[in-house]
Structures are given as C-alpha cells and as structure tokens.
Amino acid sequence: MQRVFVYGTLKRGFRLHHNMREARFLGTGFVDGFAMYRVEWYPAIIETQDQPGRIFGEVFEVNDDTLAILDEVEDRGILYERFTRQVQMLSGLEGTVEALLYVYLDSIEGQERIHTGRFDLPD
C-alpha cells in the first residue's frame, strides 16, 4: 500500500475521483514548495524555489492496482511524474506523513497560477 496526495480532479467530488474507488481516504493536508496552475480543466503543480507556495489536497491509501490506474490517468512519464514528499496533515492522520504526488512535466508558460493552492472547481 502507498499513500497518495491528490490536489485536483482526483479529489472527492471531482471529475476523476471514480479512479480512486478502491482507495481509502486518510485526511486532508498540504505540501509546501510548489506552485499550482490551471491547465485547461485540470490543475498542475511544479516545484519552485523562487515563488514558494502551499498546495492543499487529500491523502489516500492506495493499492498497487489503483496506483497503476493513477499512473495511467496522470500520463506518468509524459505529462506528470510522481515523487515522494512530506505532507503536513490538517485532518485525519496527525503530524507529517510521506505520500506520493504527481508533478507536472510540461511547460506552465502562459497558464494561470492558482495562488490559493486550492483547486476548487468540482464537476
């Protein structure tokens, strides 16, 4: 089992959450050191040093089958890559936990930055 931090369309109530049907919700949290952008109908995050930001999302426990589905949904290796980062929990689990998160690999040039670090447009 792996922990995954989701911050966009995979969150509960959003367009792609059905891909998480075998996942177990563990709580909400945030990661620091990233900037969020809107790319068409979905968000993308990039790691940043010069404009640090905080990204809010949800933490789930997933099995290997669900992780493989997420890799496909996120177009791992082409559009996104997953990395392990520290997530500060706000609800559910306490303290800081390690979780995988998907970081955007393409250019964010010309994309709208979401300064709040919250993707809040469910379908």
# chains A, B, ... in the order shown; residues from 1 in each chain; ligands from 1

$ select_by_dssp --residues "chain A" --states "alpha helix (DSSP H)" --output "ChimeraX atom specification"
/A:64-73

$ write_last_selection --atoms "all heavy atoms" --output "short mmCIF file (atom, residue, chain, number, x, y, z; two decimals), in the first residue's frame"
data_model
loop_
_atom_site.label_atom_id
_atom_site.label_comp_id
_atom_site.auth_asym_id
_atom_site.auth_seq_id
_atom_site.Cartn_x
_atom_site.Cartn_y
_atom_site.Cartn_z
N ASP A 64 -1.62 -1.37 -5.23
CA ASP A 64 -0.82 -1.32 -6.45
C ASP A 64 -1.69 -1.17 -7.69
O ASP A 64 -1.29 -0.49 -8.65
CB ASP A 64 0.06 -2.57 -6.57
CG ASP A 64 1.18 -2.60 -5.55
OD1 ASP A 64 1.50 -1.53 -4.98
OD2 ASP A 64 1.74 -3.68 -5.30
N ASP A 65 -2.86 -1.81 -7.71
CA ASP A 65 -3.76 -1.69 -8.87
C ASP A 65 -4.23 -0.25 -9.05
O ASP A 65 -4.24 0.27 -10.17
CB ASP A 65 -4.97 -2.61 -8.73
CG ASP A 65 -4.59 -4.08 -8.83
OD1 ASP A 65 -3.50 -4.39 -9.37
OD2 ASP A 65 -5.38 -4.93 -8.36
N THR A 66 -4.62 0.39 -7.96
CA THR A 66 -5.07 1.78 -8.05
C THR A 66 -3.91 2.69 -8.44
O THR A 66 -4.08 3.61 -9.25
CB THR A 66 -5.69 2.24 -6.72
OG1 THR A 66 -6.83 1.41 -6.44
CG2 THR A 66 -6.13 3.70 -6.78
N LEU A 67 -2.72 2.44 -7.91
CA LEU A 67 -1.56 3.25 -8.27
C LEU A 67 -1.28 3.13 -9.77
O LEU A 67 -0.96 4.14 -10.43
CB LEU A 67 -0.35 2.84 -7.45
CG LEU A 67 0.87 3.76 -7.57
CD1 LEU A 67 0.53 5.18 -7.16
CD2 LEU A 67 2.01 3.22 -6.73
N ALA A 68 -1.43 1.95 -10.33
CA ALA A 68 -1.23 1.77 -11.77
C ALA A 68 -2.27 2.55 -12.57
O ALA A 68 -1.96 3.15 -13.60
CB ALA A 68 -1.29 0.28 -12.13
N ILE A 69 -3.51 2.57 -12.09
CA ILE A 69 -4.57 3.36 -12.74
C ILE A 69 -4.21 4.85 -12.68
O ILE A 69 -4.34 5.57 -13.67
CB ILE A 69 -5.93 3.09 -12.08
CG1 ILE A 69 -6.40 1.68 -12.40
CG2 ILE A 69 -6.97 4.13 -12.52
CD1 ILE A 69 -7.60 1.21 -11.57
N LEU A 70 -3.75 5.31 -11.52
CA LEU A 70 -3.39 6.72 -11.37
C LEU A 70 -2.23 7.09 -12.30
O LEU A 70 -2.23 8.17 -12.90
CB LEU A 70 -3.04 7.04 -9.93
CG LEU A 70 -4.16 6.85 -8.91
CD1 LEU A 70 -3.69 7.25 -7.52
CD2 LEU A 70 -5.40 7.62 -9.30
N ASP A 71 -1.25 6.20 -12.42
CA ASP A 71 -0.14 6.46 -13.34
C ASP A 71 -0.64 6.63 -14.77
O ASP A 71 -0.15 7.48 -15.51
CB ASP A 71 0.88 5.32 -13.29
CG ASP A 71 1.77 5.36 -12.07
OD1 ASP A 71 1.78 6.39 -11.35
OD2 ASP A 71 2.47 4.35 -11.83
N GLU A 72 -1.63 5.83 -15.15
CA GLU A 72 -2.20 5.94 -16.49
C GLU A 72 -3.01 7.23 -16.64
O GLU A 72 -2.86 7.96 -17.63
CB GLU A 72 -3.08 4.72 -16.78
CG GLU A 72 -3.61 4.70 -18.19
CD GLU A 72 -4.40 3.44 -18.49
OE1 GLU A 72 -4.08 2.38 -17.91
OE2 GLU A 72 -5.34 3.52 -19.29
N VAL A 73 -3.85 7.53 -15.66
CA VAL A 73 -4.67 8.74 -15.69
C VAL A 73 -3.78 9.98 -15.78
O VAL A 73 -4.08 10.93 -16.52
CB VAL A 73 -5.58 8.81 -14.45
CG1 VAL A 73 -6.18 10.18 -14.26
CG2 VAL A 73 -6.67 7.76 -14.53
#

$ closest_atom_pairs --of "stretch 44-117 of chain A" --to "stretch 22-31 of chain A" --cutoff "8 Å" --atoms "only C-alpha atoms" --output "CSV"
residue,atom,partner,partner_atom,distance
A:Arg54,CA,A:Val31,CA,5.7
A:Ile55,CA,A:Phe30,CA,5.3
A:Phe56,CA,A:Phe30,CA,4.3
A:Gly57,CA,A:Gly29,CA,5.7
A:Glu58,CA,A:Thr28,CA,4.3
A:Val59,CA,A:Leu26,CA,5.5
A:Phe60,CA,A:Phe25,CA,4.5
A:Glu61,CA,A:Arg24,CA,5.1
A:Val62,CA,A:Ala23,CA,4.7
A:Asn63,CA,A:Ala23,CA,7.2
A:Thr66,CA,A:Glu22,CA,6.8
A:Arg85,CA,A:Val31,CA,7.6
A:Gln86,CA,A:Val31,CA,6.6
A:Val87,CA,A:Val31,CA,5.1
A:Gln88,CA,A:Gly29,CA,5.4
A:Met89,CA,A:Gly29,CA,4.1
A:Leu90,CA,A:Gly29,CA,4.7
A:Ser91,CA,A:Gly27,CA,5.0
A:Gly92,CA,A:Gly27,CA,4.2
A:Leu93,CA,A:Gly27,CA,6.2

$ residues_around --residues "stretch 112-121 of chain A" --least-positions-apart "6" --cutoff "10 Å" --atoms "only C-alpha atoms" --output "compact mmCIF listing (two decimals) with all heavy atoms, in the first residue's frame"
# COMPACT_ATOMS: atom_id res chain seq x y z
N TYR A 7 -4.57 16.66 -5.37
CA TYR A 7 -4.86 18.08 -5.20
C TYR A 7 -5.81 18.64 -6.24
O TYR A 7 -6.08 19.84 -6.25
CB TYR A 7 -3.55 18.88 -5.23
CG TYR A 7 -2.70 18.58 -6.45
CD1 TYR A 7 -2.94 19.22 -7.66
CD2 TYR A 7 -1.70 17.62 -6.39
CE1 TYR A 7 -2.19 18.92 -8.78
CE2 TYR A 7 -0.94 17.32 -7.50
CZ TYR A 7 -1.17 17.98 -8.70
OH TYR A 7 -0.43 17.68 -9.81
N GLY A 8 -6.32 17.79 -7.12
CA GLY A 8 -7.16 18.31 -8.21
C GLY A 8 -8.33 17.40 -8.53
O GLY A 8 -9.16 17.11 -7.67
N THR A 9 -8.38 16.94 -9.75
CA THR A 9 -9.53 16.20 -10.26
C THR A 9 -9.69 14.81 -9.67
O THR A 9 -10.72 14.17 -9.90
CB THR A 9 -9.47 16.11 -11.79
OG1 THR A 9 -8.25 15.46 -12.17
CG2 THR A 9 -9.54 17.49 -12.43
N LYS A 11 -9.63 14.39 -6.34
CA LYS A 11 -10.21 14.59 -5.01
C LYS A 11 -11.68 14.14 -4.98
O LYS A 11 -12.33 14.04 -6.01
CB LYS A 11 -10.14 16.07 -4.60
CG LYS A 11 -8.75 16.58 -4.39
CD LYS A 11 -8.71 17.97 -3.77
CE LYS A 11 -9.51 19.00 -4.51
NZ LYS A 11 -9.40 20.34 -3.92
N GLY A 13 -15.48 14.11 -5.00
CA GLY A 13 -16.44 15.01 -5.61
C GLY A 13 -16.00 15.60 -6.93
O GLY A 13 -16.76 16.35 -7.55
N PHE A 14 -14.82 15.25 -7.40
CA PHE A 14 -14.30 15.81 -8.64
C PHE A 14 -14.36 14.80 -9.78
O PHE A 14 -14.59 13.61 -9.58
CB PHE A 14 -12.87 16.33 -8.44
CG PHE A 14 -12.82 17.63 -7.69
CD1 PHE A 14 -13.06 17.68 -6.33
CD2 PHE A 14 -12.51 18.81 -8.35
CE1 PHE A 14 -13.01 18.87 -5.63
CE2 PHE A 14 -12.46 20.01 -7.67
CZ PHE A 14 -12.70 20.05 -6.31
N ARG A 15 -14.12 15.29 -10.96
CA ARG A 15 -14.30 14.59 -12.24
C ARG A 15 -13.66 13.21 -12.31
O ARG A 15 -14.24 12.28 -12.88
CB ARG A 15 -13.73 15.49 -13.34
CG ARG A 15 -13.77 14.91 -14.72
CD ARG A 15 -13.08 15.81 -15.72
NE ARG A 15 -13.77 17.09 -15.82
CZ ARG A 15 -13.84 17.81 -16.92
NH1 ARG A 15 -13.25 17.39 -18.01
NH2 ARG A 15 -14.48 18.96 -16.92
N PHE A 30 -1.43 19.52 3.37
CA PHE A 30 -0.79 20.42 2.41
C PHE A 30 0.68 20.07 2.25
O PHE A 30 1.28 19.43 3.12
CB PHE A 30 -0.95 21.89 2.83
CG PHE A 30 -0.27 22.26 4.11
CD1 PHE A 30 1.08 22.62 4.13
CD2 PHE A 30 -0.97 22.27 5.31
CE1 PHE A 30 1.70 22.97 5.31
CE2 PHE A 30 -0.36 22.62 6.51
CZ PHE A 30 0.99 22.97 6.51
N VAL A 31 1.22 20.49 1.11
CA VAL A 31 2.66 20.39 0.85
C VAL A 31 3.17 21.79 0.53
O VAL A 31 2.46 22.59 -0.09
CB VAL A 31 3.00 19.42 -0.30
CG1 VAL A 31 2.67 17.99 0.07
CG2 VAL A 31 2.31 19.80 -1.58
N ASP A 32 4.37 22.09 0.96
CA ASP A 32 5.00 23.37 0.69
C ASP A 32 6.03 23.23 -0.42
O ASP A 32 6.54 22.14 -0.67
CB ASP A 32 5.68 23.92 1.96
CG ASP A 32 4.68 24.46 2.96
OD1 ASP A 32 3.65 25.03 2.54
OD2 ASP A 32 4.94 24.33 4.17
N PHE A 34 5.61 24.31 -3.71
CA PHE A 34 5.04 24.09 -5.03
C PHE A 34 4.17 25.26 -5.44
O PHE A 34 3.65 25.98 -4.59
CB PHE A 34 4.18 22.81 -5.05
CG PHE A 34 4.97 21.55 -4.94
CD1 PHE A 34 5.29 21.03 -3.70
CD2 PHE A 34 5.40 20.89 -6.08
CE1 PHE A 34 6.03 19.87 -3.58
CE2 PHE A 34 6.14 19.72 -5.97
CZ PHE A 34 6.46 19.21 -4.72
N ALA A 35 4.01 25.44 -6.74
CA ALA A 35 3.07 26.42 -7.28
C ALA A 35 2.05 25.65 -8.11
O ALA A 35 2.39 24.69 -8.80
CB ALA A 35 3.79 27.45 -8.15
N MET A 36 0.78 26.09 -8.03
CA MET A 36 -0.30 25.43 -8.76
C MET A 36 -0.77 26.32 -9.91
O MET A 36 -0.90 27.53 -9.76
CB MET A 36 -1.48 25.15 -7.82
CG MET A 36 -2.67 24.49 -8.50
SD MET A 36 -4.07 24.24 -7.37
CE MET A 36 -3.53 22.76 -6.50
N TYR A 37 -1.04 25.68 -11.04
CA TYR A 37 -1.53 26.37 -12.23
C TYR A 37 -2.74 25.64 -12.79
O TYR A 37 -2.87 24.43 -12.63
CB TYR A 37 -0.43 26.41 -13.31
CG TYR A 37 0.73 27.27 -12.91
CD1 TYR A 37 1.76 26.77 -12.12
CD2 TYR A 37 0.79 28.60 -13.30
CE1 TYR A 37 2.81 27.57 -11.72
CE2 TYR A 37 1.84 29.41 -12.91
CZ TYR A 37 2.86 28.89 -12.12
OH TYR A 37 3.89 29.68 -11.73
N ARG A 38 -3.60 26.40 -13.46
CA ARG A 38 -4.75 25.81 -14.16
C ARG A 38 -4.32 25.57 -15.61
O ARG A 38 -3.91 26.49 -16.31
CB ARG A 38 -5.95 26.75 -14.13
CG ARG A 38 -7.19 26.17 -14.78
CD ARG A 38 -8.38 27.10 -14.70
NE ARG A 38 -8.49 27.79 -13.41
CZ ARG A 38 -8.97 27.25 -12.29
NH1 ARG A 38 -9.39 26.01 -12.30
NH2 ARG A 38 -9.04 27.94 -11.17
N VAL A 39 -4.40 24.31 -16.05
CA VAL A 39 -4.08 23.92 -17.41
C VAL A 39 -5.37 23.34 -17.99
O VAL A 39 -5.73 22.21 -17.66
CB VAL A 39 -2.94 22.88 -17.46
CG1 VAL A 39 -2.63 22.49 -18.89
CG2 VAL A 39 -1.70 23.41 -16.76
N GLU A 40 -6.05 24.11 -18.81
CA GLU A 40 -7.36 23.73 -19.32
C GLU A 40 -8.30 23.47 -18.14
O GLU A 40 -8.51 24.36 -17.34
CB GLU A 40 -7.26 22.53 -20.26
CG GLU A 40 -6.41 22.80 -21.49
CD GLU A 40 -6.28 21.59 -22.38
OE1 GLU A 40 -7.17 20.73 -22.37
OE2 GLU A 40 -5.28 21.52 -23.10
N TRP A 41 -8.81 22.26 -17.97
CA TRP A 41 -9.80 21.94 -16.93
C TRP A 41 -9.20 21.27 -15.70
O TRP A 41 -9.91 20.87 -14.80
CB TRP A 41 -10.92 21.07 -17.50
CG TRP A 41 -10.41 19.84 -18.19
CD1 TRP A 41 -10.07 19.73 -19.51
CD2 TRP A 41 -10.16 18.55 -17.62
NE1 TRP A 41 -9.61 18.46 -19.78
CE2 TRP A 41 -9.67 17.71 -18.63
CE3 TRP A 41 -10.32 18.03 -16.34
CZ2 TRP A 41 -9.33 16.39 -18.41
CZ3 TRP A 41 -9.97 16.69 -16.13
CH2 TRP A 41 -9.50 15.91 -17.16
N TYR A 42 -7.88 21.18 -15.64
CA TYR A 42 -7.24 20.48 -14.52
C TYR A 42 -6.08 21.30 -13.98
O TYR A 42 -5.54 22.17 -14.67
CB TYR A 42 -6.77 19.09 -14.94
CG TYR A 42 -5.81 19.10 -16.12
CD1 TYR A 42 -4.44 19.17 -15.92
CD2 TYR A 42 -6.28 19.05 -17.43
CE1 TYR A 42 -3.56 19.19 -16.98
CE2 TYR A 42 -5.40 19.07 -18.51
CZ TYR A 42 -4.05 19.14 -18.28
OH TYR A 42 -3.18 19.16 -19.33
N PRO A 43 -5.68 21.02 -12.74
CA PRO A 43 -4.54 21.74 -12.18
C PRO A 43 -3.22 21.00 -12.43
O PRO A 43 -3.21 19.80 -12.69
CB PRO A 43 -4.85 21.75 -10.69
CG PRO A 43 -5.52 20.43 -10.48
CD PRO A 43 -6.34 20.20 -11.73
N ALA A 44 -2.15 21.76 -12.34
CA ALA A 44 -0.81 21.21 -12.43
C ALA A 44 0.04 21.89 -11.37
O ALA A 44 -0.14 23.08 -11.11
CB ALA A 44 -0.23 21.47 -13.82
N ILE A 45 0.93 21.13 -10.75
CA ILE A 45 1.85 21.74 -9.80
C ILE A 45 3.28 21.54 -10.27
O ILE A 45 3.59 20.54 -10.92
CB ILE A 45 1.67 21.22 -8.36
CG1 ILE A 45 2.00 19.73 -8.25
CG2 ILE A 45 0.27 21.52 -7.84
CD1 ILE A 45 2.08 19.22 -6.81
N GLY A 53 5.07 28.19 -2.63
CA GLY A 53 3.64 28.15 -2.39
C GLY A 53 3.26 26.92 -1.60
O GLY A 53 4.08 26.04 -1.34
N ARG A 54 2.01 26.87 -1.23
CA ARG A 54 1.45 25.77 -0.46
C ARG A 54 0.30 25.19 -1.27
O ARG A 54 -0.56 25.92 -1.74
CB ARG A 54 0.97 26.30 0.88
CG ARG A 54 0.35 25.25 1.77
CD ARG A 54 0.15 25.80 3.15
NE ARG A 54 1.46 25.80 3.84
CZ ARG A 54 1.66 26.26 5.06
NH1 ARG A 54 0.66 26.79 5.74
NH2 ARG A 54 2.85 26.21 5.60
N ILE A 55 0.28 23.86 -1.41
CA ILE A 55 -0.76 23.16 -2.16
C ILE A 55 -1.58 22.34 -1.17
O ILE A 55 -1.03 21.57 -0.39
CB ILE A 55 -0.15 22.22 -3.23
CG1 ILE A 55 0.82 22.98 -4.14
CG2 ILE A 55 -1.23 21.51 -4.02
CD1 ILE A 55 0.23 24.15 -4.87
N PHE A 56 -2.91 22.48 -1.24
CA PHE A 56 -3.82 21.76 -0.35
C PHE A 56 -4.45 20.60 -1.11
O PHE A 56 -4.76 20.71 -2.29
CB PHE A 56 -4.92 22.71 0.15
CG PHE A 56 -4.38 23.80 1.03
CD1 PHE A 56 -3.94 24.99 0.48
CD2 PHE A 56 -4.29 23.61 2.40
CE1 PHE A 56 -3.43 26.00 1.29
CE2 PHE A 56 -3.77 24.61 3.22
CZ PHE A 56 -3.34 25.82 2.65
N GLY A 57 -4.66 19.49 -0.40
CA GLY A 57 -5.26 18.34 -1.04
C GLY A 57 -5.69 17.28 -0.04
O GLY A 57 -5.82 17.55 1.16

$ atom_distance --atom1 "atom CA of A:Gly77" --atom2 "atom CA of A:Leu105"
8.0 Å

$ closest_residue --among "A:Met20, A:Tyr102, A:Thr96, A:Ile108" --to "A:Thr84" --atoms "only C-alpha atoms"
A:Tyr102

$ atom_distance --atom1 "atom CA of A:Ile78" --atom2 "atom CA of A:Met1"
24.1 Å

$ atom_distance --atom1 "atom CA of A:Pro52" --atom2 "atom CA of A:Tyr80"
19.7 Å

$ select_by_dssp --residues "chain A" --states "strand (DSSP E)" --output "VMD selection string"
chain A and resid 2 to 6 24 to 32 34 to 39 42 to 47 54 to 62 80 to 89 96 to 104 112 to 113
